[in-house]
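Chemist: So here's work09.txt, just compact mmCIF, C-alpha atoms:
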# COMPACT_ATOMS: atom_id res chain seq x y z
CA MET Z 1 14.97 -9.09 -17.19
CA SER Z 2 12.58 -6.82 -19.05
CA THR Z 3 9.80 -7.73 -21.44
CA ARG Z 4 7.43 -5.53 -23.38
CA THR Z 5 3.72 -6.21 -23.40
CA SER Z 6 1.40 -5.69 -26.32
CA SER Z 7 0.41 -2.31 -24.89
CA GLY Z 8 4.01 -1.15 -24.94
CA THR Z 9 4.29 -1.17 -21.17
CA THR Z 10 7.64 -2.20 -19.73
CA ARG Z 11 7.49 -4.83 -16.98
CA THR Z 12 10.62 -5.57 -14.99
CA THR Z 13 11.12 -8.39 -12.50
CA LEU Z 14 13.97 -8.01 -10.03
CA GLY Z 15 14.90 -9.79 -6.81
CA PHE Z 16 14.37 -8.56 -3.28
CA ALA Z 17 17.98 -7.39 -3.24
CA LEU Z 18 17.04 -4.61 -5.63
CA ILE Z 19 14.24 -3.46 -3.35
CA THR Z 20 16.71 -3.30 -0.52
CA ALA Z 21 19.25 -1.42 -2.60
CA ALA Z 22 16.73 1.10 -3.84
CA THR Z 23 14.79 1.76 -0.67
CA LEU Z 24 17.14 1.11 2.22
CA ALA Z 25 20.76 1.41 1.12
CA LEU Z 26 20.43 4.94 -0.21
CA THR Z 27 21.40 7.66 2.26
CA ALA Z 28 18.37 9.40 3.73
CA CYS Z 29 17.27 12.99 3.36
CA ALA Z 30 14.48 14.90 5.05
CA GLY Z 31 11.45 15.19 2.84
CA GLY Z 32 8.23 13.91 4.39
CA GLU Z 33 5.86 15.95 6.47
CA PRO Z 34 6.53 15.48 10.19
CA THR Z 35 3.19 13.78 10.80
CA THR Z 36 3.91 11.15 8.15
CA VAL Z 37 7.46 10.16 9.09
CA PRO Z 38 7.32 6.90 11.08
CA ALA Z 39 9.17 6.65 14.36
CA GLY Z 40 12.66 5.47 13.59
CA ALA Z 41 12.57 6.68 9.99
CA SER Z 42 15.53 8.61 8.72
CA GLY Z 43 14.62 12.25 8.90
CA ALA Z 44 12.82 11.82 12.21
CA PRO Z 45 14.61 13.42 15.18
CA GLY Z 46 17.02 11.01 16.84
CA ALA Z 47 16.32 8.24 14.34
CA ALA Z 48 18.91 5.61 13.58
CA LYS Z 49 19.68 5.17 9.89
CA ASP Z 50 17.56 2.58 8.10
CA THR Z 51 15.63 1.49 11.19
CA LEU Z 52 11.99 0.50 11.27
CA PRO Z 53 9.70 0.93 14.28
CA THR Z 54 9.41 -2.26 16.31
CA GLU Z 55 7.05 -1.11 19.07
CA ASP Z 56 4.67 -3.93 20.00
CA VAL Z 57 1.14 -2.62 19.56
CA VAL Z 58 -0.51 -6.01 19.03
CA SER Z 59 0.25 -8.45 21.85
CA GLY Z 60 -1.90 -6.57 24.37
CA VAL Z 61 -5.06 -6.78 22.25
CA ARG Z 62 -7.82 -8.67 24.06
CA LYS Z 63 -10.31 -10.97 22.43
CA ASN Z 64 -13.44 -9.20 21.23
CA GLU Z 65 -16.12 -11.74 22.10
CA ALA Z 66 -18.86 -9.96 20.17
CA ALA Z 67 -16.73 -9.86 17.01
CA ALA Z 68 -15.59 -13.47 17.43
CA LYS Z 69 -19.21 -14.64 17.58
CA LEU Z 70 -19.65 -13.35 14.02
CA LEU Z 71 -17.08 -15.80 12.67
CA PRO Z 72 -18.39 -18.71 10.60
CA ALA Z 73 -18.40 -21.99 12.50
CA ASP Z 74 -15.74 -23.66 10.36
CA VAL Z 75 -13.25 -20.85 11.02
CA ARG Z 76 -13.94 -20.89 14.77
CA GLN Z 77 -13.35 -24.64 14.76
CA ARG Z 78 -10.17 -24.30 12.73
CA GLY Z 79 -8.92 -21.52 15.01
CA SER Z 80 -6.95 -19.75 12.31
CA PHE Z 81 -7.12 -17.94 8.99
CA THR Z 82 -4.70 -17.82 6.07
CA ILE Z 83 -3.49 -14.48 4.79
CA ALA Z 84 -1.64 -13.68 1.58
CA SER Z 85 0.57 -10.63 2.13
CA SER Z 86 2.35 -8.54 -0.45
CA VAL Z 87 5.59 -7.13 0.97
CA ALA Z 88 6.83 -4.00 -0.76
CA THR Z 89 8.06 -0.97 1.20
CA PRO Z 90 7.23 0.81 4.45
CA PRO Z 91 5.01 1.97 5.97
CA SER Z 92 2.53 -0.48 4.41
CA SER Z 93 4.78 -3.52 4.55
CA ALA Z 94 8.46 -4.42 4.75
CA TYR Z 95 10.92 -6.95 6.09
CA LEU Z 96 13.05 -6.43 9.15
CA ALA Z 97 16.79 -6.94 8.76
CA ASP Z 98 16.38 -10.69 9.17
CA GLY Z 99 14.66 -10.82 5.79
CA ARG Z 100 11.84 -12.93 7.24
CA THR Z 101 9.83 -10.85 9.71
CA VAL Z 102 7.07 -8.88 8.01
CA VAL Z 103 6.22 -5.53 9.58
CA GLY Z 104 4.16 -2.50 8.66
CA VAL Z 105 0.67 -1.06 8.83
CA ASP Z 106 -0.84 -4.09 7.09
CA ALA Z 107 0.93 -6.57 9.36
CA ASP Z 108 -0.04 -4.77 12.56
CA PHE Z 109 -3.70 -4.50 11.60
CA ALA Z 110 -3.80 -8.16 10.53
CA GLY Z 111 -2.15 -9.23 13.78
CA ALA Z 112 -4.43 -7.07 15.90
CA VAL Z 113 -7.57 -8.38 14.18
CA ALA Z 114 -6.38 -11.96 14.65
CA LYS Z 115 -5.92 -11.33 18.39
CA ALA Z 116 -9.33 -9.67 18.64
CA LEU Z 117 -10.98 -12.66 16.97
CA GLY Z 118 -9.04 -15.22 18.98
CA LEU Z 119 -7.49 -16.73 15.85
CA GLU Z 120 -3.99 -17.72 14.76
CA LEU Z 121 -2.71 -15.91 11.69
CA GLU Z 122 -1.02 -18.05 9.03
CA ARG Z 123 0.82 -15.71 6.66
CA GLU Z 124 2.29 -16.44 3.24
CA VAL Z 125 4.16 -13.75 1.33
CA VAL Z 126 2.72 -13.56 -2.19
CA GLY Z 127 3.35 -11.29 -5.17
CA PHE Z 128 0.93 -8.36 -5.34
CA GLU Z 129 -0.52 -9.31 -8.73
CA ALA Z 130 -1.27 -12.88 -7.60
CA ILE Z 131 -3.21 -12.14 -4.42
CA LEU Z 132 -6.65 -11.12 -5.69
CA PRO Z 133 -6.92 -14.05 -8.18
CA ALA Z 134 -5.79 -16.42 -5.41
CA LEU Z 135 -8.56 -15.14 -3.13
CA GLY Z 136 -11.10 -15.83 -5.85
CA SER Z 137 -9.90 -19.42 -6.13
CA GLY Z 138 -10.19 -19.91 -2.36
CA LYS Z 139 -6.48 -20.49 -1.80
CA TYR Z 140 -6.34 -17.89 1.00
CA ASP Z 141 -8.94 -16.44 3.36
CA VAL Z 142 -7.64 -12.85 3.34
CA GLY Z 143 -5.22 -10.69 1.38
CA THR Z 144 -3.28 -7.55 2.29
CA GLY Z 145 -1.25 -5.30 0.03
CA ASN Z 146 -2.57 -1.78 0.56
CA PHE Z 147 -5.47 -2.74 -1.69
CA GLY Z 148 -7.50 0.33 -2.63
CA VAL Z 149 -11.25 -0.09 -2.97
CA THR Z 150 -12.28 0.52 -6.58
CA GLU Z 151 -15.48 -0.19 -8.49
CA GLU Z 152 -13.64 -2.63 -10.73
CA ARG Z 153 -12.31 -4.64 -7.79
CA ARG Z 154 -15.68 -4.55 -6.00
CA LYS Z 155 -17.11 -6.76 -8.75
CA ALA Z 156 -15.01 -9.74 -7.66
CA ILE Z 157 -13.62 -8.86 -4.22
CA ASP Z 158 -15.08 -7.90 -0.84
CA PHE Z 159 -13.20 -5.46 1.37
CA VAL Z 160 -13.15 -4.58 5.05
CA THR Z 161 -11.60 -1.14 5.28
CA TYR Z 162 -9.05 -0.09 7.90
CA ILE Z 163 -7.22 2.96 6.53
CA ASN Z 164 -7.45 5.62 3.84
CA ASP Z 165 -4.44 6.04 1.55
CA GLY Z 166 -4.47 6.65 -2.19
CA GLN Z 167 -2.51 7.91 -5.15
CA GLY Z 168 0.31 10.43 -5.26
CA PHE Z 169 3.39 11.50 -7.20
CA ALA Z 170 7.10 11.97 -6.55
CA THR Z 171 10.02 12.97 -8.73
CA ARG Z 172 13.71 13.90 -8.62
CA ALA Z 173 14.63 16.99 -6.65
CA ASP Z 174 15.82 18.83 -9.76
CA SER Z 175 12.52 18.37 -11.61
CA PRO Z 176 10.60 21.57 -12.46
CA LEU Z 177 7.36 19.80 -11.49
CA LYS Z 178 5.71 21.22 -8.38
CA ALA Z 179 2.52 19.17 -8.36
CA VAL Z 180 0.53 16.91 -10.68
CA THR Z 181 -3.05 18.04 -10.41
CA ASP Z 182 -4.00 16.96 -13.93
CA LEU Z 183 -2.60 13.97 -15.81
CA THR Z 184 -1.97 16.13 -18.90
CA GLN Z 185 0.95 17.58 -16.93
CA LEU Z 186 2.62 14.20 -17.48
CA CYS Z 187 2.39 14.39 -21.30
CA GLY Z 188 5.76 13.66 -22.87
CA LEU Z 189 7.15 12.21 -19.63
CA LYS Z 190 7.93 8.67 -18.48
CA VAL Z 191 5.93 7.58 -15.44
CA ALA Z 192 7.04 4.63 -13.31
CA THR Z 193 4.53 2.63 -11.28
CA GLY Z 194 3.72 -0.84 -9.96
CA ALA Z 195 2.15 -3.68 -11.93
CA GLY Z 196 -1.49 -4.53 -11.27
CA THR Z 197 -2.09 -1.39 -9.21
CA THR Z 198 -4.73 1.32 -9.26
CA PHE Z 199 -1.94 3.63 -10.45
CA GLU Z 200 -1.38 1.58 -13.60
CA ARG Z 201 -5.12 1.48 -14.22
CA THR Z 202 -5.51 5.25 -13.78
CA LEU Z 203 -2.59 6.06 -16.07
CA GLU Z 204 -3.70 3.67 -18.81
CA GLN Z 205 -7.33 4.83 -18.65
CA HIS Z 206 -6.38 8.46 -19.23
CA LYS Z 207 -3.53 8.09 -21.72
CA GLY Z 208 -5.66 9.49 -24.53
CA ARG Z 209 -6.04 12.86 -22.84
CA CYS Z 210 -2.62 13.95 -24.06
CA ALA Z 211 -3.67 13.51 -27.70
CA GLU Z 212 -6.89 15.38 -26.98
CA ALA Z 213 -4.79 18.24 -25.63
CA GLY Z 214 -2.49 18.16 -28.68
CA LYS Z 215 0.46 16.92 -26.63
CA PRO Z 216 2.74 13.88 -26.92
CA PRO Z 217 1.60 10.90 -24.82
CA TYR Z 218 3.18 9.98 -21.53
CA GLU Z 219 4.87 6.59 -21.30
CA VAL Z 220 3.88 4.21 -18.52
CA ASN Z 221 6.78 2.12 -17.21
CA VAL Z 222 5.32 -0.69 -15.11
CA PHE Z 223 7.51 -2.72 -12.75
CA SER Z 224 6.80 -5.81 -10.69
CA GLU Z 225 9.05 -4.69 -7.83
CA THR Z 226 8.79 -1.40 -5.95
CA GLY Z 227 12.57 -1.12 -5.76
CA ALA Z 228 12.76 -1.14 -9.55
CA VAL Z 229 10.31 1.77 -9.71
CA TRP Z 230 12.64 3.94 -7.63
CA MET Z 231 15.75 2.73 -9.43
CA SER Z 232 14.27 3.81 -12.74
CA LEU Z 233 13.65 7.29 -11.31
CA GLN Z 234 17.12 7.60 -9.79
CA GLN Z 235 18.76 6.45 -13.03
CA GLY Z 236 16.74 8.87 -15.16
CA ARG Z 237 14.84 6.17 -17.04
CA SER Z 238 11.61 7.56 -15.59
CA ASP Z 239 10.66 11.14 -14.80
CA VAL Z 240 7.89 10.64 -12.24
CA VAL Z 241 6.76 7.92 -9.81
CA MET Z 242 3.10 7.26 -9.09
CA ASN Z 243 2.50 5.23 -5.94
CA THR Z 244 0.73 5.23 -2.58
CA ILE Z 245 0.62 8.53 -0.72
CA ASN Z 246 2.05 7.02 2.45
CA GLY Z 247 4.67 5.02 0.58
CA LEU Z 248 5.87 8.08 -1.32
CA ARG Z 249 6.07 10.22 1.79
CA TYR Z 250 8.10 7.52 3.50
CA ALA Z 251 10.40 6.91 0.52
CA VAL Z 252 11.46 10.53 0.17
CA THR Z 253 12.77 10.41 3.75
CA ARG Z 254 15.06 7.53 2.77
CA GLN Z 255 16.50 8.58 -0.56
CA LYS Z 256 18.65 11.42 -1.81
CA ASN Z 257 17.50 13.81 -4.50
CA VAL Z 258 13.80 12.90 -4.58
CA LYS Z 259 10.79 14.95 -3.55
CA PHE Z 260 7.12 14.29 -2.84
CA LEU Z 261 4.92 16.23 -5.24
CA ASN Z 262 1.37 15.90 -4.04
CA GLU Z 263 -1.61 13.72 -3.28
CA TYR Z 264 -3.64 13.04 -6.39
CA ARG Z 265 -6.65 11.22 -4.95
CA ARG Z 266 -7.65 9.28 -1.86
CA LEU Z 267 -8.93 5.69 -1.73
CA ASP Z 268 -10.17 3.50 1.09
CA VAL Z 269 -7.85 0.56 1.78
CA GLY Z 270 -8.96 -2.75 3.20
CA PHE Z 271 -8.49 -6.42 3.85
CA ALA Z 272 -9.42 -8.26 0.64
CA PHE Z 273 -11.65 -11.35 0.53
CA LYS Z 274 -13.36 -13.57 -1.99
CA LYS Z 275 -16.70 -12.07 -3.01
CA GLY Z 276 -19.45 -13.07 -0.63
CA THR Z 277 -17.12 -14.06 2.20
CA PRO Z 278 -18.78 -14.77 5.56
CA LEU Z 279 -15.64 -13.40 7.29
CA ALA Z 280 -16.32 -9.75 6.53
CA PRO Z 281 -18.72 -8.93 9.42
CA ALA Z 282 -16.30 -10.36 12.01
CA PHE Z 283 -13.33 -8.47 10.58
CA GLN Z 284 -15.34 -5.24 10.44
CA ALA Z 285 -16.41 -5.62 14.06
CA ALA Z 286 -12.83 -6.37 15.07
CA VAL Z 287 -11.46 -3.25 13.34
CA ASN Z 288 -14.13 -1.07 14.93
CA GLY Z 289 -13.31 -2.65 18.28
CA LEU Z 290 -9.64 -1.71 17.79
CA LYS Z 291 -10.75 1.87 17.24
CA ALA Z 292 -12.74 1.80 20.47
CA ASP Z 293 -9.92 0.40 22.63
CA GLY Z 294 -7.19 2.70 21.27
CA THR Z 295 -5.16 0.06 19.40
CA TYR Z 296 -6.16 1.56 16.06
CA ASP Z 297 -4.65 4.95 16.86
CA ARG Z 298 -1.52 3.35 18.33
CA ILE Z 299 -0.87 1.53 15.05
CA LEU Z 300 -1.30 4.72 13.02
CA ARG Z 301 1.02 6.67 15.33
CA LYS Z 302 3.65 3.93 15.24
CA TRP Z 303 3.89 4.16 11.45
CA GLY Z 304 3.38 7.90 11.21
CA VAL Z 305 0.18 7.69 9.16
CA THR Z 306 -2.37 9.37 11.42
CA ALA Z 307 -3.72 11.27 8.39
CA SER Z 308 -4.91 7.90 7.04
CA GLY Z 309 -7.33 7.18 9.86
CA ILE Z 310 -10.96 6.39 9.06
CA ALA Z 311 -14.05 7.07 11.19
CA ARG Z 312 -15.25 3.45 11.03
CA SER Z 313 -14.61 0.25 9.11
CA GLN Z 314 -16.94 -0.51 6.21
CA ILE Z 315 -17.63 -3.59 4.14
CA THR Z 316 -16.98 -3.00 0.43
CA PRO Z 317 -17.93 0.69 0.33
CA PRO Z 318 -18.27 2.49 -3.02
CA GLU Z 319 -15.04 3.82 -4.52
CA LEU Z 320 -14.33 7.31 -3.28
CA PRO Z 321 -15.06 9.86 -6.00
CA ALA Z 322 -12.11 11.25 -7.91
CA PRO Z 323 -11.51 14.97 -7.25
CA LYS Z 324 -12.80 17.34 -9.90
CA ARG Z 325 -10.02 18.59 -12.16
Translate this file's structure into structure tokens.
Modeler:
Amino acid sequence: MSTRTSSGTTRTTLGFALITAATLALTACAGGEPTTVPAGASGAPGAAKDTLPTEDVVSGVRKNEAAAKLLPADVRQRGSFTIASSVATPPSSAYLADGRTVVGVDADFAGAVAKALGLELEREVVGFEAILPALGSGKYDVGTGNFGVTEERRKAIDFVTYINDGQGFATRADSPLKAVTDLTQLCGLKVATGAGTTFERTLEQHKGRCAEAGKPPYEVNVFSETGAVWMSLQQGRSDVVMNTINGLRYAVTRQKNVKFLNEYRRLDVGFAFKKGTPLAPAFQAAVNGLKADGTYDRILRKWGVTASGIARSQITPPELPAPKR
């Protein structure tokens, strides 16, 4: 069902079946760069169709005593933390064929940090738009959903960074677009993206630039499900997709007639917490410990996202500057 908001943005809510149809059932084609195609992804040599990597890179993680000592006493006593996870598409997050097991970069880092801190992880799958408000209310301890660190989010949320991803574009293979280096290149086009994301914010913030350039505005089509974003592109209801760099690179290896255009800007990505959380130092120490023992690099290699590695984890760093256009 579709509804139109006061800003004229289309929001569509579809079931998980549509995500599956859009991102997994379509026949694959080669399209991602070799270093960004996860093991087992279609397009990777010897890969089985529609498989996801299942290598265990978490169970061997040992407890990091120094990091665990940084945990607040109530969490140590409880022996667990609650995590709200948004499940969209690989490599960030996805379901295995059983429809229950959550896998991906986010899941592996959360699991590895839990092991390093000696805690049980209690996961609940939650819609992307609901996670940050739920953290503020104290319903969950941590949230994951490839959350980019922005100045707006920093006002209400603390982050512990673990990768670097960001914003990029993709389109149909027959599109004349080669790259989107300036948003005025989108003027007159329909751009599909996810609800509540940094992509939606960026597009809405700069909509007026088309009028300033004497061009017709671009239309932002916002969907609540990632599968619906791709369906709109495949069906010609949208001309361009704006999404995560890693997600776009993965998606073009799984779908016919789509191509990755380019990276637009990079953002740090982190675990999200309620502002002022006492958990942040322990999580930061755990992530940096994973870098030291090699687990960090194993997770990146498993999902084919080695270009997203960071030098060290930070607590709520400033938003990375946008590239000069």
Chemist: Would you kindly identify which residues have an atom no farther than 9 Å from (6.3, -1.2, -3.5), using all atoms listed in the file and the file's own coordinates, and write them out as a VMD selection string?
Modeler: chain Z and resid 19 86 to 90 92 to 93 193 to 194 224 to 229 243 to 244 247
Chemist: Compare Z:Ala286, Z:Val103, Z:Ala84, Z:Val269 by their minimum atom-to-atom distance to Gly143 in chain Z, counting only C-alpha atoms, and give me the closest one.
Modeler: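 Answer, going by the shortest atom-to-atom distance: Z:Ala84.
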Chemist: Let me make sure I understand: among Z:Arg237, Z:Arg123, Z:Lys190, Z:Lys302, which one has the smallest atom-to-atom distance to Pro216 in chain Z if we use all atoms listed in the file?
Modeler: Z:Lys190
Chemist: Using all atoms listed in the file, list the residues that have an atom at most 12 Å from (9.8, 9.5, -3.2), coordinates as in the file, as an NGL selection string.
Modeler: :Z and (22-23 or 26 or 28-32 or 89-90 or 168-173 or 192-193 or 226-227 or 229-234 or 239-262)
Chemist: Which residues come within 9 Å of Arg78 in chain Z, counting only C-alpha atoms, excluding same-chain residues fewer than 4 positions away, as a PyMOL selection string?
Modeler: chain Z and resi 73-74+119
Chemist: Can you tell me which residues surround Phe159 in chain Z at a distance of at most 9 Å, considering all atoms listed in the file, apart from same-chain residues fewer than 3 positions away, and format the answer as a PDB file with C-alpha atoms, in the coordinates of the input?
Modeler:
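The new file out.pdb reads:
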ATOM      1  CA  PHE Z 147      -5.470  -2.740  -1.690  1.00  0.00           C
ATOM      2  CA  VAL Z 149     -11.250  -0.090  -2.970  1.00  0.00           C
ATOM      3  CA  ARG Z 154     -15.680  -4.550  -6.000  1.00  0.00           C
ATOM      4  CA  VAL Z 269      -7.850   0.560   1.780  1.00  0.00           C
ATOM      5  CA  GLY Z 270      -8.960  -2.750   3.200  1.00  0.00           C
ATOM      6  CA  PHE Z 271      -8.490  -6.420   3.850  1.00  0.00           C
ATOM      7  CA  ALA Z 272      -9.420  -8.260   0.640  1.00  0.00           C
ATOM      8  CA  PHE Z 273     -11.650 -11.350   0.530  1.00  0.00           C
ATOM      9  CA  LYS Z 274     -13.360 -13.570  -1.990  1.00  0.00           C
ATOM     10  CA  LYS Z 275     -16.700 -12.070  -3.010  1.00  0.00           C
ATOM     11  CA  ALA Z 280     -16.320  -9.750   6.530  1.00  0.00           C
ATOM     12  CA  GLN Z 314     -16.940  -0.510   6.210  1.00  0.00           C
ATOM     13  CA  ILE Z 315     -17.630  -3.590   4.140  1.00  0.00           C
ATOM     14  CA  THR Z 316     -16.980  -3.000   0.430  1.00  0.00           C
ATOM     15  CA  PRO Z 317     -17.930   0.690   0.330  1.00  0.00           C
TER      16      PRO Z 317
END
Chemist: Rounded to one decimal place, report the CA of Leu189 in chain Z-CA of Val220 in chain Z distance in Å.
Modeler: 8.7 Å
Chemist: Calculate how many Å separate CA of Glu122 in chain Z from CA of Ile163 in chain Z, rounding to one decimal.
Modeler: 22.0 Å
Chemist: If I take CA of Trp303 in chain Z and CA of Phe109 in chain Z, how far is one from the other in Å, to one decimal?
Modeler: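 That distance, rounded to one decimal, is 11.5 Å.
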Chemist: So, counting only C-alpha atoms, which residue among Z:Ile157, Z:Val287, Z:Val142, Z:Val102 is closest to Lys115 in chain Z?
Modeler: Z:Val287
Chemist: In terms of the shortest atom-to-atom distance over all atoms listed in the file, which of Z:Asp268, Z:Glu212, Z:Asp165, Z:Asp141 is closest to Pro91 in chain Z?
Modeler: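 Smallest separation from Pro91 in chain Z among the options: Z:Asp165.
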Chemist: Need the shell around range 292-298 of chain Z: protein/DNA/RNA residues with any atom at most 12 Å away, counting only C-alpha atoms. Skip same-chain ones fewer than 6 positions apart. Format as a PDB file with C-alpha atoms, in the coordinates of the input?
Modeler:
ATOM      1  CA  PRO Z  38       7.320   6.900  11.080  1.00  0.00           C
ATOM      2  CA  ALA Z  39       9.170   6.650  14.360  1.00  0.00           C
ATOM      3  CA  GLU Z  55       7.050  -1.110  19.070  1.00  0.00           C
ATOM      4  CA  ASP Z  56       4.670  -3.930  20.000  1.00  0.00           C
ATOM      5  CA  VAL Z  57       1.140  -2.620  19.560  1.00  0.00           C
ATOM      6  CA  VAL Z  58      -0.510  -6.010  19.030  1.00  0.00           C
ATOM      7  CA  SER Z  59       0.250  -8.450  21.850  1.00  0.00           C
ATOM      8  CA  GLY Z  60      -1.900  -6.570  24.370  1.00  0.00           C
ATOM      9  CA  VAL Z  61      -5.060  -6.780  22.250  1.00  0.00           C
ATOM     10  CA  ARG Z  62      -7.820  -8.670  24.060  1.00  0.00           C
ATOM     11  CA  LYS Z  63     -10.310 -10.970  22.430  1.00  0.00           C
ATOM     12  CA  ASN Z  64     -13.440  -9.200  21.230  1.00  0.00           C
ATOM     13  CA  VAL Z 105       0.670  -1.060   8.830  1.00  0.00           C
ATOM     14  CA  ASP Z 106      -0.840  -4.090   7.090  1.00  0.00           C
ATOM     15  CA  ASP Z 108      -0.040  -4.770  12.560  1.00  0.00           C
ATOM     16  CA  PHE Z 109      -3.700  -4.500  11.600  1.00  0.00           C
ATOM     17  CA  ALA Z 110      -3.800  -8.160  10.530  1.00  0.00           C
ATOM     18  CA  GLY Z 111      -2.150  -9.230  13.780  1.00  0.00           C
ATOM     19  CA  ALA Z 112      -4.430  -7.070  15.900  1.00  0.00           C
ATOM     20  CA  VAL Z 113      -7.570  -8.380  14.180  1.00  0.00           C
ATOM     21  CA  LYS Z 115      -5.920 -11.330  18.390  1.00  0.00           C
ATOM     22  CA  ALA Z 116      -9.330  -9.670  18.640  1.00  0.00           C
ATOM     23  CA  TYR Z 162      -9.050  -0.090   7.900  1.00  0.00           C
ATOM     24  CA  ILE Z 163      -7.220   2.960   6.530  1.00  0.00           C
ATOM     25  CA  ALA Z 285     -16.410  -5.620  14.060  1.00  0.00           C
ATOM     26  CA  ALA Z 286     -12.830  -6.370  15.070  1.00  0.00           C
ATOM     27  CA  GLY Z 304       3.380   7.900  11.210  1.00  0.00           C
ATOM     28  CA  VAL Z 305       0.180   7.690   9.160  1.00  0.00           C
ATOM     29  CA  THR Z 306      -2.370   9.370  11.420  1.00  0.00           C
ATOM     30  CA  ALA Z 307      -3.720  11.270   8.390  1.00  0.00           C
ATOM     31  CA  SER Z 308      -4.910   7.900   7.040  1.00  0.00           C
ATOM     32  CA  GLY Z 309      -7.330   7.180   9.860  1.00  0.00           C
ATOM     33  CA  ILE Z 310     -10.960   6.390   9.060  1.00  0.00           C
ATOM     34  CA  ALA Z 311     -14.050   7.070  11.190  1.00  0.00           C
ATOM     35  CA  ARG Z 312     -15.250   3.450  11.030  1.00  0.00           C
ATOM     36  CA  SER Z 313     -14.610   0.250   9.110  1.00  0.00           C
TER      37      SER Z 313
END
Chemist: Show me, as a ChimeraX atom specification, the residues that have an atom within 10 Å of Pro278 in chain Z when counting only C-alpha atoms, minus same-chain residues fewer than 5 positions from it.
Modeler: /Z:70-72,75,273,283
Chemist: Write the residues you've just listed into a file as a PDB file, in the coordinates of the input, and include C-alpha atoms for each of them.
Modeler:
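Below you can see again.pdb, which holds the result:
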ATOM      1  CA  LEU Z  70     -19.650 -13.350  14.020  1.00  0.00           C
ATOM      2  CA  LEU Z  71     -17.080 -15.800  12.670  1.00  0.00           C
ATOM      3  CA  PRO Z  72     -18.390 -18.710  10.600  1.00  0.00           C
ATOM      4  CA  VAL Z  75     -13.250 -20.850  11.020  1.00  0.00           C
ATOM      5  CA  PHE Z 273     -11.650 -11.350   0.530  1.00  0.00           C
ATOM      6  CA  PHE Z 283     -13.330  -8.470  10.580  1.00  0.00           C
TER       7      PHE Z 283
END
Chemist: Using all atoms listed in the file, which of Z:Gly148, Z:Gly289, Z:Pro176, Z:Gly118 sits nearest Leu132 in chain Z?
Modeler: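 Using all atoms listed in the file, Leu132 in chain Z sits closest to Z:Gly148.
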Chemist: Taking only C-alpha atoms into account, name the residue in Z:Gly99, Z:Gly214, Z:Gly276, Z:Pro321 that is nearest to Gly136 in chain Z.
Modeler: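 Once distances to Gly136 in chain Z are computed over only C-alpha atoms, the minimum belongs to Z:Gly276.
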